[in-house]
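Peer 1: So that we are looking at the same thing, I have put the structure below in structure tokens.
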2 protein chains.
Amino acid sequence: MQDTPKNQTPQENTSTQGTPIGSLGEFGLINRIANTARLKNESSLKGIGDDAAVLNMGEQCTVVSTDLLMEGIHFDLMYTPLKHLGYKSVAVNISDIIAMNAQPTQVTVSLAISSRFPLEAIDEFYAGVRAACDNYQVDLIGGDTSSSIKGFFISVTALGVAKEEDIAYRHNAKVGDHICVTGDLGAAYLGLQLLEREKKIYLESPGVQPNLEGHDYLVGRQLRPEPRQDIQRLLKTLKVKPNAMIDISDGLASELLHICESAQVGCRIYDENIPLNQKTLEMAQTFGIDPLTCALSGGEDYELLFTVDNKYIEELETLHGISIIGRITEMSEGRKIYNKSGSSHDLIAQGWKHLSA
Amino acid sequence: MQDTPKNQTPQENTSTQGTPIGSLGEFGLINRIANTARLKNESSLKGIGDDAAVLNMGEQCTVVSTDLLMEGIHFDLMYTPLKHLGYKSVAVNISDIIAMNAQPTQVTVSLAISSRFPLEAIDEFYAGVRAACDNYQVDLIGGDTSSSIKGFFISVTALGVAKEEDIAYRHNAKVGDHICVTGDLGAAYLGLQLLEREKKIYLESPGVQPNLEGHDYLVGRQLRPEPRQDIQRLLKTLKVKPNAMIDISDGLASELLHICESAQVGCRIYDENIPLNQKTLEMAQTFGIDPLTCALSGGEDYELLFTVDNKYIEELETLHGISIIGRITEMSEGRKIYNKSGSSHDLIAQGWKHLSA
């Protein structure tokens, strides 16, 4: 995986040069992808090259997740390198599998592209797909390729395995559980604001070089999220079983409300416990946004939000990278966020799209 | 499922009336879909409503297939009712699972749509999805919904189960195997030509009513293909195990060459044995196309092409709905099609897109 680009001139990842995709044909393109997709999991009996892939999941449960990513809605090719896009497309689906407390094992990646993209663009995209598959030891087992009239569309389906008793369903949250989040929140949203700002400047004055110097952390959080398999493994090693778990793709508030709604419970969280990176605090100030709003309603952090029984609290309190932000309560107590002074208000799922509007 | 439309005025399945999708929000839309998706398979532990669906495939193999369908490339909303589109999107993926000789069990359906479509359009589409799921006893277990800048995009992933020894891989074709096809070929392509002709007439003279009277068969083959689960079951009942199997989505020639390429074998087929419907013969004459070309290179018939050992030949010869069209040969003998007079030429995978160009 290449480093997060610094001072890169924003430009579309297309070119009038390069190999036209039509010269390969669909089957040529499939072979090109299949040839670089080595199978790593014993459960992958057959990958690309038949009507369907064949997996042998043995005694365990199969977990399936799917996502659609649309150019102009989910990503902007003006500042998203295709390799990062390929990486992120796979990573966000792996994140869903991990959020079930399952082991990701396979992905299918489907792509529709217009003829404005040369073959080299597809290669870049799949280099990112491959990098994510390698990092998470996941097999690329299939997909579909198509032309599109306009734009770049991606559909990814991820599969994983888990013992039934290990699966962390949202509805499993129990009254009295501690609410935990991994890493820090809000950074991916500010990374997006930065990229959007530089894009706007560039479009208004094409001579001006974008200035992303010193913003690696925020931009990296937006362009190259990493599913928290490390934390999932750590919890397993410590024999800490999360009751409910979800990955934070739409902002903390929205995800916590999903858990509460599924489990028919309430919650109480404390704003001072919500983890924020120093860079997030600084950039929120620059943009004049409340950093807490970025954490609650900014999306795409891909951290884990989970609930655990009180018996695990001592193990968890000593761990780096996990913050205990509140408790699950009875439904009748509502879903509340408290500030330092002890006053509270209702949690609202704004979603990051409303935030940016 | 509604009947294939007759004399329907072609118009886009959109409306300025109806409920705007934005009024529901993404989660409202997901709930609406989830509420009508009843789980039918014991293996579906959890469907829509968590980070991922959870399946328990027990002792058997999991089979996975995925397809992308793009407006303007794979379908034309001018003459494709959305309910048929929903049905076909699921059906073509189920067809891939059946072509592995597996039992289809679950599907995920993802949809991206522009704001020109009202909520009622989505309901129509999912009514078709549900009809296909009901017909094939398959569970809708997940998916993703997104807005699109322009157009209607569908991504479907189907899962199935099979015992490992039952799976009919393409590479399993053996020299000496008989080559069989189900049903008849070329009709779906001619159905498409008919729909395209009526669209053209309508666009040139909007007052003229399209005339599809008497063409139910051909139009139905295009708009509402049915995967041949009946034949799969029949073969199972007769204890006839196909060695290699594939569904015919791109035309007989292309699919047979896929099998030959995977198994590194040759083939010899006889044009007089290729099954053609009387309606196909008549319409091919109307359009001035060779009906055999429609069968070899016209797509979307979704019939099964399979190879079987000689020991099964007596059972197969007596069956309705299965045609024995040739034999698998040594690689060195090439891939040939013979006509009545005994002369032959090489099979070529033209694909239906070239045919229509």
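Following the order of the structure tokens, first chain is A, next is B, and so on, with residues numbered from 1 inside each chain and ligands from 1 in the order they appear.
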If we count only C-alpha atoms, which residues of chain A reach to within 6 Å of chain B? Please list them as an MDAnalysis selection string.

Peer 2: chainID A and resid 51:56 58:59 61:67 96 143:144

Peer 1: So which residues touch Ile33 (chain B) within 9 Å, counting only C-alpha atoms, skipping near sequence neighbours fewer than 5 positions away, as a PyMOL selection string?

Peer 2: chain B and resi 28+48+123+126

Peer 1: Tell me, in Å to one decimal, how far CA of Gly186 (chain A) is from CA of Ala91 (chain A).

Peer 2: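 Computing it gives 18.2 Å between the two atoms.
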
Peer 1: What is the CA of Thr182 (chain B)-CA of Gly321 (chain B) distance in Å, reported with one decimal?

Peer 2: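 These two atoms are separated by 5.5 Å.
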
Peer 1: Mind checking which residues fall within 6 Å of region 296-302 of chain A, counting only C-alpha atoms, ignoring those fewer than 3 positions away in the same chain, and posting them as a PDB file with C-alpha atoms, in the first residue's frame?

Peer 2:
```pdb
ATOM      1  CA  GLY A 186     -14.098  12.089  14.343  1.00  0.00           C
ATOM      2  CA  ALA A 188     -12.029  10.532   9.273  1.00  0.00           C
ATOM      3  CA  TYR A 189     -14.713  13.215   8.996  1.00  0.00           C
ATOM      4  CA  ASP A 247     -18.457  -0.882  13.567  1.00  0.00           C
ATOM      5  CA  ILE A 248     -18.659   2.902  13.515  1.00  0.00           C
ATOM      6  CA  SER A 249     -19.326   3.853   9.904  1.00  0.00           C
ATOM      7  CA  ASP A 250     -22.038   6.499  10.397  1.00  0.00           C
ATOM      8  CA  GLY A 251     -20.896   8.164  13.643  1.00  0.00           C
ATOM      9  CA  LEU A 252     -21.013   7.012  17.270  1.00  0.00           C
ATOM     10  CA  ALA A 253     -24.551   8.283  17.979  1.00  0.00           C
ATOM     11  CA  THR A 293     -20.044  16.575  16.985  1.00  0.00           C
ATOM     12  CA  GLN A 350     -27.734  12.999  12.574  1.00  0.00           C
ATOM     13  CA  GLY A 351     -25.394  11.137  10.246  1.00  0.00           C
ATOM     14  CA  TRP A 352     -22.443  12.814   8.633  1.00  0.00           C
TER      15      TRP A 352
END
```

Peer 1: Hey, what does DSSP flag as strand (DSSP E or B) within region 30-250 of chain B? Can you give it to me as a count of residues only?

Peer 2: 58

Peer 1: Find the residues around Arg130 (chain A) up to 12 Å (only C-alpha atoms counted), leave out those fewer than 3 positions away in its own chain, and share them as JSON, numbers by chain.

Peer 2: {"A": [1, 33, 34, 35, 36, 37, 38, 39, 40, 83, 84, 85, 86, 87, 88, 89, 90, 91, 106, 107, 108, 109, 123, 124, 125, 126, 127, 133, 134, 135, 136, 137, 138, 139, 140, 141]}

Peer 1: For the residues in the current selection, export C-alpha atoms as a PDB file, in the first residue's frame.

Peer 2:
```pdb
ATOM      1  CA  MET A   1       0.000   0.000   0.000  1.00  0.00           C
ATOM      2  CA  ILE A  33      -7.760 -10.339 -11.868  1.00  0.00           C
ATOM      3  CA  ALA A  34      -7.946 -14.095 -11.223  1.00  0.00           C
ATOM      4  CA  ASN A  35      -4.249 -14.569 -11.944  1.00  0.00           C
ATOM      5  CA  THR A  36      -3.216 -12.336  -9.071  1.00  0.00           C
ATOM      6  CA  ALA A  37      -5.757 -13.699  -6.564  1.00  0.00           C
ATOM      7  CA  ARG A  38      -3.966 -16.451  -4.628  1.00  0.00           C
ATOM      8  CA  LEU A  39      -6.151 -18.366  -2.177  1.00  0.00           C
ATOM      9  CA  LYS A  40      -4.948 -18.298   1.424  1.00  0.00           C
ATOM     10  CA  LYS A  83      -5.332   1.956  -4.852  1.00  0.00           C
ATOM     11  CA  HIS A  84      -6.715   3.465  -1.661  1.00  0.00           C
ATOM     12  CA  LEU A  85     -10.229   3.052  -3.036  1.00  0.00           C
ATOM     13  CA  GLY A  86      -9.653  -0.657  -3.688  1.00  0.00           C
ATOM     14  CA  TYR A  87      -8.198  -1.039  -0.205  1.00  0.00           C
ATOM     15  CA  LYS A  88     -11.037   0.814   1.496  1.00  0.00           C
ATOM     16  CA  SER A  89     -13.773  -1.033  -0.449  1.00  0.00           C
ATOM     17  CA  VAL A  90     -12.539  -4.333   0.952  1.00  0.00           C
ATOM     18  CA  ALA A  91     -11.608  -2.943   4.373  1.00  0.00           C
ATOM     19  CA  GLN A 106     -13.302 -14.318   1.644  1.00  0.00           C
ATOM     20  CA  VAL A 107     -14.471 -11.356  -0.451  1.00  0.00           C
ATOM     21  CA  THR A 108     -16.068 -10.900  -3.853  1.00  0.00           C
ATOM     22  CA  VAL A 109     -15.409  -7.583  -5.607  1.00  0.00           C
ATOM     23  CA  ASP A 123      -4.843  -2.551 -12.032  1.00  0.00           C
ATOM     24  CA  GLU A 124      -4.327   0.209  -9.446  1.00  0.00           C
ATOM     25  CA  PHE A 125      -7.741  -0.479  -7.932  1.00  0.00           C
ATOM     26  CA  TYR A 126      -7.077  -4.227  -7.679  1.00  0.00           C
ATOM     27  CA  ALA A 127      -3.612  -3.603  -6.237  1.00  0.00           C
ATOM     28  CA  CYS A 133      -6.764  -9.074   1.239  1.00  0.00           C
ATOM     29  CA  ASP A 134      -3.113  -9.685   2.140  1.00  0.00           C
ATOM     30  CA  ASN A 135      -3.256  -7.556   5.297  1.00  0.00           C
ATOM     31  CA  TYR A 136      -6.337  -9.332   6.597  1.00  0.00           C
ATOM     32  CA  GLN A 137      -5.532 -12.780   5.162  1.00  0.00           C
ATOM     33  CA  VAL A 138      -8.712 -12.809   3.141  1.00  0.00           C
ATOM     34  CA  ASP A 139      -9.217 -14.521  -0.244  1.00  0.00           C
ATOM     35  CA  LEU A 140     -10.598 -12.737  -3.293  1.00  0.00           C
ATOM     36  CA  ILE A 141     -12.890 -15.491  -4.618  1.00  0.00           C
TER      37      ILE A 141
END
```

Peer 1: List every residue of region 16-170 of chain B that DSSP, applied to the backbone of this structure, places in alpha helix (DSSP H), and write the result as a ChimeraX atom specification.

Peer 2: /B:25-34,82-98,119-135

Peer 1: What is the CA of Asn277 (chain A)-CA of Tyr217 (chain A) distance in Å, reported with one decimal?

Peer 2: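 Between these atoms lies a distance of 9.5 Å.
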
Peer 1: Show which residues sit within 8 Å of Leu190 (chain A), as a VMD selection string. Count only C-alpha atoms, and ignore same-chain residues fewer than 6 positions away.

Peer 2: chain A and resid 218 to 219 280 283 to 284 294

Peer 1: Can I get the selection written as a compact mmCIF listing (two decimals), in the first residue's frame, with C-alpha atoms?

Peer 2:
```txt
# COMPACT_ATOMS: atom_id res chain seq x y z
CA LEU A 218 -6.58 12.93 9.40
CA VAL A 219 -6.30 12.30 5.65
CA THR A 280 -8.89 16.10 15.61
CA MET A 283 -8.55 20.70 13.05
CA ALA A 284 -12.06 20.96 14.50
CA CYS A 294 -17.43 15.08 14.62
```

Peer 1: Contacts of His320 (chain B) at 10 Å or less, counting only C-alpha atoms, minus same-chain residues fewer than 2 places along, as an MDAnalysis selection string?

Peer 2: chainID B and resid 182:183 231 316:318 322:323

Peer 1: Tell me, as a list in words, which residues lie within 9 Å of His215 (chain B), counting only C-alpha atoms; anything in the same chain fewer than 5 positions away does not count.

Peer 2: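 Residues near the query, excluding close chain neighbours: Lys6, Gly191, Leu194, Gly220 and Lys279 of chain B.
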
Peer 1: Next, write the just-selected residues to a file, as a compact mmCIF listing (two decimals), in the first residue's frame, keeping C-alpha atoms as the atom set.

Peer 2:
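This is the output file out.txt:
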```
# COMPACT_ATOMS: atom_id res chain seq x y z
CA LYS B 6 -48.75 -7.38 -23.79
CA GLY B 191 -37.24 -11.41 -27.41
CA LEU B 194 -38.49 -7.55 -30.54
CA GLY B 220 -41.07 -13.79 -21.58
CA LYS B 279 -41.30 -19.28 -32.30
```

Peer 1: Between B:Glu272, B:Lys236, B:Ser114, B:Gln209, single out the one closest to Ser341 (chain B), counting only C-alpha atoms.

Peer 2: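 Under the stated criterion, the closest residue is B:Glu272.
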
Peer 1: Compare B:Gln193, B:Thr105, B:Gln264, B:Thr80 by their minimum atom-to-atom distance to Ser332 (chain B), counting only C-alpha atoms, and give me the closest one.

Peer 2: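 That would be B:Gln264, the residue with the smallest distance to Ser332 (chain B).
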
Peer 1: In terms of the shortest atom-to-atom distance over only C-alpha atoms, which of B:Asp309, B:Arg116, B:Cys260, B:Leu195 is closest to Leu212 (chain B)?

Peer 2: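 Closest to Leu212 (chain B) of all the choices is B:Leu195.
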